[in-house]
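Engineer: Quick one: structure below, then a few questions.
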Number of protein chains: 2
Amino acid sequence: MNIHVRKIYEALFALEDLRELYRHALPTGLDEHEEEQFLNGIAHVESIIRELKEGKGTPIQDVSAGLELRTREEEFININPIQPGGRLTPEARKALIAYGDGYSVCDMCLEGRLDKIKKPPVDEFHADLADFVGMDEARVVPGARRGFQAVTSALLENGDIVLVSDLAHYTEFLAVELAGGALKEVPSGPANIITSEAVAATIERVKEENGKLPKLIMLEHFDYSFGNEHEVYGVGKVAQEYGIPFLYNGAYSVGVMPVNGKQIGADFVVGSGHKSMAAVAPSGILATTAEWAPKVFRSSLIAGDLTGRSFGNKEPEMLGCTLMGGTVLSLMASFPTIKERVKNWNEEVEKSNYFIREFVRIEGNNVASEYPRKHTLTKVNTRESFDQIAKTHKRRGYFLSDELKEKGIVGEFAGSTRVWKLNTYGLSWARIKYLSETFIEIAKKYGLAVR
Amino acid sequence: MNIHVRKIYEALFALEDLRELYRHALPTGLDEHEEEQFLNGIAHVESIIRELKEGKGTPIQDVSAGLELRTREEEFININPIQPGGRLTPEARKALIAYGDGYSVCDMCLEGRLDKIKKPPVDEFHADLADFVGMDEARVVPGARRGFQAVTSALLENGDIVLVSDLAHYTEFLAVELAGGALKEVPSGPANIITSEAVAATIERVKEENGKLPKLIMLEHFDYSFGNEHEVYGVGKVAQEYGIPFLYNGAYSVGVMPVNGKQIGADFVVGSGHKSMAAVAPSGILATTAEWAPKVFRSSLIAGDLTGRSFGNKEPEMLGCTLMGGTVLSLMASFPTIKERVKNWNEEVEKSNYFIREFVRIEGNNVASEYPRKHTLTKVNTRESFDQIAKTHKRRGYFLSDELKEKGIVGEFAGSTRVWKLNTYGLSWARIKYLSETFIEIAKKYGLAVR
């Protein structure tokens with residue numbers, strides 16, 4: 001437990017209590033009783049800051065009754081496979097402090113449309129977003145999955161076939177299921193990589209077996225399981241040759257590396273705010289071309305039979321407005337950092353490879369993902385190393401979690417010593433080196449050979 | 001501009017910068033350079049606290065470049081019609097500070113299901129939620145609209161008819177449109193109230209005209225337009241008599257007043273987190289009975305044709321997990337307060353009526369909603385009072401906004417002096433009285449008669 005971290009939290013919370021005073025006071029100022037509370041509150045903050053400075057005092061444990069403090073980003077190095085890209089920037093955390101309240105973004109909503117709000121500049125952000133992924137139009141959605149859903153709902157009729165990878169994320173499955181579609185998987189083969197040839201062959205197979213072409217191809221640039229890079233550029237070409245719309249799933253790419261949907265040949269680009277864009281969950285983006293926008297972002301046509309009321313200003317696939325508060329504000333506040341950080345993707349991959357090179361110096365440690373790594377998410381296989389120790393250790397697989405935690409590392413799937421995943425995204429070189437050294441130290445401690 | 005409020009924000013932001021240090025440091029502690037940054041950061045916080053205490057210094061304007069600070073809850077009384085129920089509790093704001101990061105709730109996810117996470121206690125929260133609205137099962141969803149969508153998607157076939165109010169919110173329209181359903185409106189009549197008789201009559205009309213019964217009845221307890229109370233208990237009975245499932249739209253009730261779905265005779269209860277449960281947008285709940293849960297919360301059945309992969313643990317209508325971070329944590333953190341505050345609904349209504357009584361003392365001011373008020377959301381008509389002033393004022397309708405803002409009141413639709421809405425939810429008696437007096441003062445200033 002880091003007393004400084006805990007005292008920072010305590011001070012933040014004490015300031016929130018102070019802020020609350022003003023949420024009940026009259027605009028004319030504090031009354032006598034409130035003034036007293038204010039002074040007491042200040043004194044409390046001052047004493048916490050003093051303890052923070054001196055590294056003294058009792059460390060707080062909870063946010064409030066029953067809700068433990070979350071400190072894994074401050075007190076630990078977090079190698080969780082899905083979390084690092086969604087870690088908030090300081091700008092997003094500040095935006096959240098200011099704009100956390102429910103409908104906070106709607107103060108100056110004049111047209112009843114989230115993407116047309118000028119203050120805060122949500123409209124500008126939408127234009128920038130489309131540009132950022134090289135597409136014509138973009139909307140924010142409550143998670144990448146809601147982007148898939150909008151597309152399958154708009155494009156599929158009952159029984160239509162969708163091509164997905166045999167490594168597809170479950171949310172693609174559900175989006176197809178909901179729309180009444182059927183799935184055909186493209187085999188990733190022994191290399192666990194979806195090639196454009198495999199996609200073309202699967203299209204041909206579907207044509208032959210079902211007498212019709214697939215209505216949609218969905219493919220992730222990097223899959224959730226291996227973090228392998230799939231041939232999205234080639235698949236974009238194949239999709240265009242067959243005239244089949246192509247949804248590029250950028251849950252693990254948009255926000256961490258440069259992505260240009262049109263260069264890829266994508267008709268839809270989906271990204272995840274909480275996975276790769278340093279934003280609050282659930283958030284994400286759906287971008288498309290001028291050709292497809294009128295279909296997926298079409299206006300509502302339904303009307304009341306008595307009143308004739310209709311809502312042509314609203315988009316049914318979005319269900320109108322999507323992210324009306326802290327979620328969209330966190331996306332917006334992180335966006336300047338996101339635009340910069342994608343330029344450093346090569347270095348992120350370099351750090352990932354550095355770590356893996358060190359990691360496989362431990363005899364029996366293997367990489368299940370493609371190698372060299374092209375992503376920061378990696379699946380490793382430690383059956384012949386750590387799992388051998390686990391077999392006889394009284395804590396079983398948890399010995400590894402214990403050792404890592406002791407060294408300030410968390411985020412691996414606790415107890416898992418066979419095949420598991422980790423993600424080094426966003427770790428500084430110093431942290432990468434520390435992480436590498438720690439694994440080697442643990443290996444040595446348990447008598448595993450290190451090359 | 002309130003210097004204290006601005007300094008509180010500045011201190012919160014400075015602490016976030018300090019916290020960020022620890023997000024990059026090694027678990028072994030700060031290095032020399034970081035230590036220096038830490039001390040500078042502390043000194044910065046101390047100087048802000050000093051200014052805060054003395055009410056001195058430059059007030060900050062922005063969260064970050066291009067994003068203005070939001071202070072309408074601290075520097076003003078906010079009477080916005082849709083915002084007050086979604087204003088975060090201090091507990092929610094603290095939870096958000098700790099759990100804002102993307103997938104923050106997934107640290108200890110063992111079963112791949114949001115509603116089964118034990119730490120933080122999301123599983124317990126789900127059980128409590130169902131209980132809170134008097135139903136058997138509940139899920140969190142990204143906004144009430146996503147609850148409507150799940151129900152229409154699960155229940156409707158193409159062309160099926162759904163009964164809605166002629167005052168229904170647009171999101172109900174869109175949810176029916178997306179599912180391929182058709183709408184029939186129940187007339188609210190001259191009183192702008194949906195009666196059980198009108199619902200029964202509309203069912204009969206549909207039966208006659210279409211030869212089939214509606215597949216679903218959706219009705220809001222309080223509508224968004226007038227904030228009038230509709231006969232949900234009676235409609236629950238009618239729905240049961242006809243055997244038609246009934247979706248109770250509690251966007252303006254769940255979280256501010258006691259709601260018991262089974263007592264109402266509802267098959268589905270939908271609530272909004274950002275509208276009435278003091279939570280970050282988009283958030284909400286969908287609760288149902290043991291009878292309907294297997295339909296709406298059914299397991300995924302789709303499978304990959306090559307791999308046979310299937311996800312029986314996931315619910316397609318939810319698209320798997322729904323609110324994986326700050327959104328669900330804000331709901332959870334506010335929940336103890338929510339459970340308490342619904343008990344004070346009568347007093348909230350009393351305050352609403354107090355304000356309206358004062359408001360209509362101004363000659364020409366009228367209430368468009370039912371009166372006495374049964375809700376805190378009210379539509380008022382000031383055509384014969386403030387709008388008469390607006391006609392000749394150089395600022396037109398904005399004169400009223402200007403006057404209110406001058407007195408620290410915001411949230412009315414700026415420029416609107418004819419028919420507009422306001423919501424007094426959560427205002428203390430002192431604020432209610434101040435609000436009432438302010439309107440009367442403005443009226444007097446412009447020579448309107450006050451009874």
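In the structure tokens, the first chain shown is A, the next is B, and so on; residue numbers restart at 1 for each chain, and ligands run from 1 in the order shown.
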Could you list, as number ranges by chain, every residue within 7 Å of Leu163 in chain A, counting only C-alpha atoms and ignoring same-chain residues fewer than 2 positions away?
Structural biologist: A: 161, 165, 183-186, 214, 216-218
Engineer: Restricted to N, CA, C and O atoms, what would the selected residues look like written as a CSV table (one decimal), in the first residue's frame?
Structural biologist:
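Now in result_3.csv:
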```
chain,number,residue,atom,x,y,z
A,161,ILE,N,-25.9,-14.2,-44.5
A,161,ILE,CA,-24.7,-14.7,-44.0
A,161,ILE,C,-23.6,-13.7,-43.7
A,161,ILE,O,-23.4,-12.8,-44.6
A,165,SER,N,-14.1,-14.1,-38.5
A,165,SER,CA,-12.9,-14.9,-38.2
A,165,SER,C,-13.2,-16.1,-37.3
A,165,SER,O,-14.1,-15.9,-36.5
A,183,LEU,N,-23.7,-17.2,-39.3
A,183,LEU,CA,-22.2,-17.0,-39.3
A,183,LEU,C,-21.5,-18.0,-40.2
A,183,LEU,O,-21.8,-19.2,-40.2
A,184,LYS,N,-20.5,-17.6,-40.9
A,184,LYS,CA,-19.5,-18.5,-41.5
A,184,LYS,C,-18.2,-18.0,-41.1
A,184,LYS,O,-17.8,-16.8,-41.2
A,185,GLU,N,-17.4,-19.0,-40.5
A,185,GLU,CA,-16.1,-18.6,-40.0
A,185,GLU,C,-15.0,-18.8,-41.1
A,185,GLU,O,-15.0,-19.8,-41.8
A,186,VAL,N,-14.1,-17.8,-41.1
A,186,VAL,CA,-12.9,-18.0,-42.0
A,186,VAL,C,-11.8,-18.6,-41.1
A,186,VAL,O,-11.6,-18.2,-40.0
A,214,PRO,N,-22.0,-13.7,-49.0
A,214,PRO,CA,-22.2,-13.1,-47.6
A,214,PRO,C,-22.7,-11.7,-47.8
A,214,PRO,O,-22.3,-11.0,-48.8
A,216,LEU,N,-22.0,-9.4,-45.4
A,216,LEU,CA,-21.1,-8.6,-44.6
A,216,LEU,C,-19.9,-9.4,-44.2
A,216,LEU,O,-20.0,-10.6,-44.0
A,217,ILE,N,-18.7,-8.8,-44.2
A,217,ILE,CA,-17.5,-9.4,-43.7
A,217,ILE,C,-17.1,-8.5,-42.4
A,217,ILE,O,-17.0,-7.3,-42.5
A,218,MET,N,-16.9,-9.2,-41.3
A,218,MET,CA,-16.4,-8.5,-40.1
A,218,MET,C,-15.1,-9.1,-39.8
A,218,MET,O,-15.0,-10.4,-39.6
```
Engineer: Please provide the set of residues having any atom within 10 Å of range 223-228 of chain B, restricted to only C-alpha atoms, with same-chain residues fewer than 6 positions apart removed, written as a VMD selection string.
Structural biologist: chain B and resid 81 to 82 165 to 170 191 to 194 249 to 253 367 to 371 373 to 380 420 to 423
Engineer: Can you tell me how far CA of Ser330 in chain B sits from CA of Ala278 in chain B, in Å to one decimal?
Structural biologist: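 These atoms are spaced 7.5 Å apart.
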Engineer: Any idea what's packed within 9 Å of Val296 in chain B, counting only C-alpha atoms, ignoring anything in its chain fewer than 3 positions away? Could you give it as a list in words?
Structural biologist: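 Returned residues: Ala150, Val151, Ser153, Ala154, Leu155, Thr288, Trp292, Ala293, Glu315, Pro316, Glu317 and Met318 of chain B.
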Engineer: Residues at most 6 Å from Pro27 in chain B, counting only C-alpha atoms, excluding those fewer than 2 positions away in the same chain, as a VMD selection string?
Structural biologist: (chain A and resid 76 408) or (chain B and resid 29)
Engineer: Could you turn the residues from that selection into a file that holds C-alpha atoms, as a tab-separated table (two decimals), in the first residue's frame?
Structural biologist:
```tsv
chain	number	residue	atom	x	y	z
A	76	PHE	CA	1.05	-1.56	-9.42
A	408	GLY	CA	3.95	-4.75	-7.61
B	29	GLY	CA	8.97	4.13	-5.56
```
Engineer: Report, in Å with one decimal, the straight-line distance from CA of Gly236 in chain B to CA of Glu204 in chain B.
Structural biologist: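 According to the coordinates, CA of Gly236 in chain B and CA of Glu204 in chain B are separated by 16.1 Å.
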Engineer: Taking 4 positions as the minimum chain separation for residues in the same chain, which residues sit within 7 Å of Glu20 in chain B when counting only C-alpha atoms? Answer as a VMD selection string.
Structural biologist: (chain A and resid 90) or (chain B and resid 16 24)
Engineer: Do a neighbour search on Ser334 in chain A at 12 Å with only C-alpha atoms, toss out local chain neighbours closer than 6 positions, and write the hits as a VMD selection string.
Structural biologist: (chain A and resid 85 to 96 125 255 to 256 273 to 274 276 to 280 326 to 328 340 to 341) or (chain B and resid 63 to 65 67 101 to 102)
Engineer: From the options A:Ile362, A:Met332, A:Val235, A:Glu406, which residue's atoms come nearest to Tyr99 in chain A, counting only C-alpha atoms?
Structural biologist: A:Met332
Engineer: Could you give me, as a ChimeraX atom specification, each residue of range 153-266 of chain B that DSSP assigns to alpha helix (DSSP H) when run on this structure's backbone?
Structural biologist: /B:153-155,170-178,196-210,232-242,261-264
Engineer: Grab the residues selected above and save them as a tab-separated table (two decimals), in the first residue's frame with N, CA and C atoms.
Structural biologist:
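Heads up, here's the output in part.tsv:
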```
chain	number	residue	atom	x	y	z
B	153	SER	N	-36.89	-5.96	-29.32
B	153	SER	CA	-36.14	-6.92	-30.12
B	153	SER	C	-36.50	-8.36	-29.74
B	154	ALA	N	-36.71	-8.59	-28.45
B	154	ALA	CA	-37.00	-9.96	-28.00
B	154	ALA	C	-38.45	-10.36	-28.27
B	155	LEU	N	-39.37	-9.37	-28.25
B	155	LEU	CA	-40.79	-9.73	-28.29
B	155	LEU	C	-41.45	-9.59	-29.65
B	170	TYR	N	-39.49	9.79	-27.74
B	170	TYR	CA	-39.06	9.35	-29.08
B	170	TYR	C	-38.29	8.04	-29.07
B	171	THR	N	-37.61	7.75	-27.96
B	171	THR	CA	-36.81	6.52	-27.91
B	171	THR	C	-37.70	5.28	-27.96
B	172	GLU	N	-38.95	5.39	-27.49
B	172	GLU	CA	-39.88	4.26	-27.62
B	172	GLU	C	-40.24	4.07	-29.09
B	173	PHE	N	-40.45	5.18	-29.78
B	173	PHE	CA	-40.72	5.11	-31.22
B	173	PHE	C	-39.58	4.37	-31.94
B	174	LEU	N	-38.35	4.80	-31.65
B	174	LEU	CA	-37.20	4.23	-32.35
B	174	LEU	C	-37.02	2.75	-32.03
B	175	ALA	N	-37.27	2.37	-30.77
B	175	ALA	CA	-37.12	0.97	-30.37
B	175	ALA	C	-38.12	0.09	-31.13
B	176	VAL	N	-39.32	0.62	-31.35
B	176	VAL	CA	-40.33	-0.13	-32.10
B	176	VAL	C	-39.95	-0.18	-33.58
B	177	GLU	N	-39.48	0.94	-34.10
B	177	GLU	CA	-39.07	1.01	-35.51
B	177	GLU	C	-37.96	0.00	-35.81
B	178	LEU	N	-36.95	-0.03	-34.92
B	178	LEU	CA	-35.80	-0.92	-35.13
B	178	LEU	C	-36.22	-2.38	-35.16
B	196	SER	N	-56.64	4.09	-18.05
B	196	SER	CA	-56.75	2.67	-18.38
B	196	SER	C	-57.88	2.45	-19.38
B	197	GLU	N	-58.92	3.28	-19.30
B	197	GLU	CA	-60.01	3.17	-20.27
B	197	GLU	C	-59.52	3.44	-21.68
B	198	ALA	N	-58.71	4.47	-21.81
B	198	ALA	CA	-58.20	4.81	-23.15
B	198	ALA	C	-57.32	3.68	-23.69
B	199	VAL	N	-56.57	3.05	-22.81
B	199	VAL	CA	-55.74	1.93	-23.25
B	199	VAL	C	-56.63	0.77	-23.70
B	200	ALA	N	-57.63	0.46	-22.89
B	200	ALA	CA	-58.54	-0.64	-23.25
B	200	ALA	C	-59.24	-0.34	-24.58
B	201	ALA	N	-59.67	0.90	-24.74
B	201	ALA	CA	-60.36	1.27	-25.98
B	201	ALA	C	-59.42	1.14	-27.17
B	202	THR	N	-58.18	1.51	-26.98
B	202	THR	CA	-57.22	1.41	-28.09
B	202	THR	C	-56.92	-0.05	-28.43
B	203	ILE	N	-56.85	-0.87	-27.42
B	203	ILE	CA	-56.67	-2.31	-27.67
B	203	ILE	C	-57.83	-2.83	-28.52
B	204	GLU	N	-59.03	-2.43	-28.15
B	204	GLU	CA	-60.22	-2.86	-28.90
B	204	GLU	C	-60.18	-2.35	-30.34
B	205	ARG	N	-59.75	-1.13	-30.49
B	205	ARG	CA	-59.66	-0.54	-31.84
B	205	ARG	C	-58.66	-1.33	-32.69
B	206	VAL	N	-57.52	-1.65	-32.08
B	206	VAL	CA	-56.49	-2.40	-32.81
B	206	VAL	C	-57.02	-3.77	-33.20
B	207	LYS	N	-57.71	-4.41	-32.25
B	207	LYS	CA	-58.26	-5.74	-32.49
B	207	LYS	C	-59.20	-5.70	-33.70
B	208	GLU	N	-60.02	-4.66	-33.71
B	208	GLU	CA	-61.02	-4.52	-34.77
B	208	GLU	C	-60.35	-4.22	-36.11
B	209	GLU	N	-59.46	-3.23	-36.09
B	209	GLU	CA	-58.85	-2.78	-37.35
B	209	GLU	C	-57.83	-3.74	-37.90
B	210	ASN	N	-57.12	-4.42	-37.00
B	210	ASN	CA	-55.99	-5.23	-37.46
B	210	ASN	C	-56.20	-6.72	-37.24
B	232	VAL	N	-50.76	4.05	-14.57
B	232	VAL	CA	-50.01	2.82	-14.78
B	232	VAL	C	-50.59	1.61	-14.03
B	233	TYR	N	-51.16	1.85	-12.87
B	233	TYR	CA	-51.75	0.72	-12.13
B	233	TYR	C	-52.94	0.16	-12.90
B	234	GLY	N	-53.80	1.05	-13.35
B	234	GLY	CA	-54.96	0.62	-14.13
B	234	GLY	C	-54.53	-0.04	-15.43
B	235	VAL	N	-53.54	0.53	-16.06
B	235	VAL	CA	-53.06	-0.03	-17.33
B	235	VAL	C	-52.45	-1.41	-17.09
B	236	GLY	N	-51.78	-1.58	-15.95
B	236	GLY	CA	-51.24	-2.89	-15.59
B	236	GLY	C	-52.36	-3.93	-15.54
B	237	LYS	N	-53.49	-3.53	-14.97
B	237	LYS	CA	-54.64	-4.46	-14.89
B	237	LYS	C	-55.17	-4.80	-16.27
B	238	VAL	N	-55.38	-3.74	-17.06
B	238	VAL	CA	-55.89	-3.95	-18.42
B	238	VAL	C	-54.96	-4.87	-19.21
B	239	ALA	N	-53.67	-4.62	-19.08
B	239	ALA	CA	-52.69	-5.44	-19.80
B	239	ALA	C	-52.81	-6.90	-19.40
B	240	GLN	N	-52.98	-7.13	-18.09
B	240	GLN	CA	-53.11	-8.50	-17.61
B	240	GLN	C	-54.40	-9.14	-18.11
B	241	GLU	N	-55.47	-8.37	-18.12
B	241	GLU	CA	-56.75	-8.90	-18.61
B	241	GLU	C	-56.65	-9.35	-20.07
B	242	TYR	N	-55.95	-8.57	-20.86
B	242	TYR	CA	-55.81	-8.93	-22.27
B	242	TYR	C	-54.63	-9.88	-22.51
B	261	GLY	N	-42.78	-2.78	-9.54
B	261	GLY	CA	-43.28	-3.25	-10.84
B	261	GLY	C	-44.39	-4.26	-10.73
B	262	LYS	N	-44.25	-5.22	-9.83
B	262	LYS	CA	-45.28	-6.25	-9.73
B	262	LYS	C	-46.59	-5.68	-9.23
B	263	GLN	N	-46.52	-4.75	-8.27
B	263	GLN	CA	-47.75	-4.10	-7.80
B	263	GLN	C	-48.44	-3.35	-8.92
B	264	ILE	N	-47.63	-2.78	-9.80
B	264	ILE	CA	-48.18	-2.04	-10.92
B	264	ILE	C	-48.77	-3.00	-11.96
```
Engineer: What lies within 12 Å of Gln37 in chain A using only C-alpha atoms, ignoring chain neighbours under 3 positions off, as JSON, numbers by chain?
Structural biologist: {"A": [14, 17, 18, 19, 20, 21, 22, 25, 30, 31, 32, 33, 34, 40, 41, 42, 43, 44]}
Engineer: Restricting the calculation to only C-alpha atoms, which member of B:Ile117, B:Arg357, B:Val450, B:Thr152 is positioned closest to Pro372 in chain B?
Structural biologist: B:Arg357
Engineer: Given only C-alpha atoms as the basis, pick out the residue of A:Phe132, A:Trp429, A:Trp345, A:Phe297 nearest to Asp115 in chain A.
Structural biologist: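 The closest residue to Asp115 in chain A is A:Phe297.
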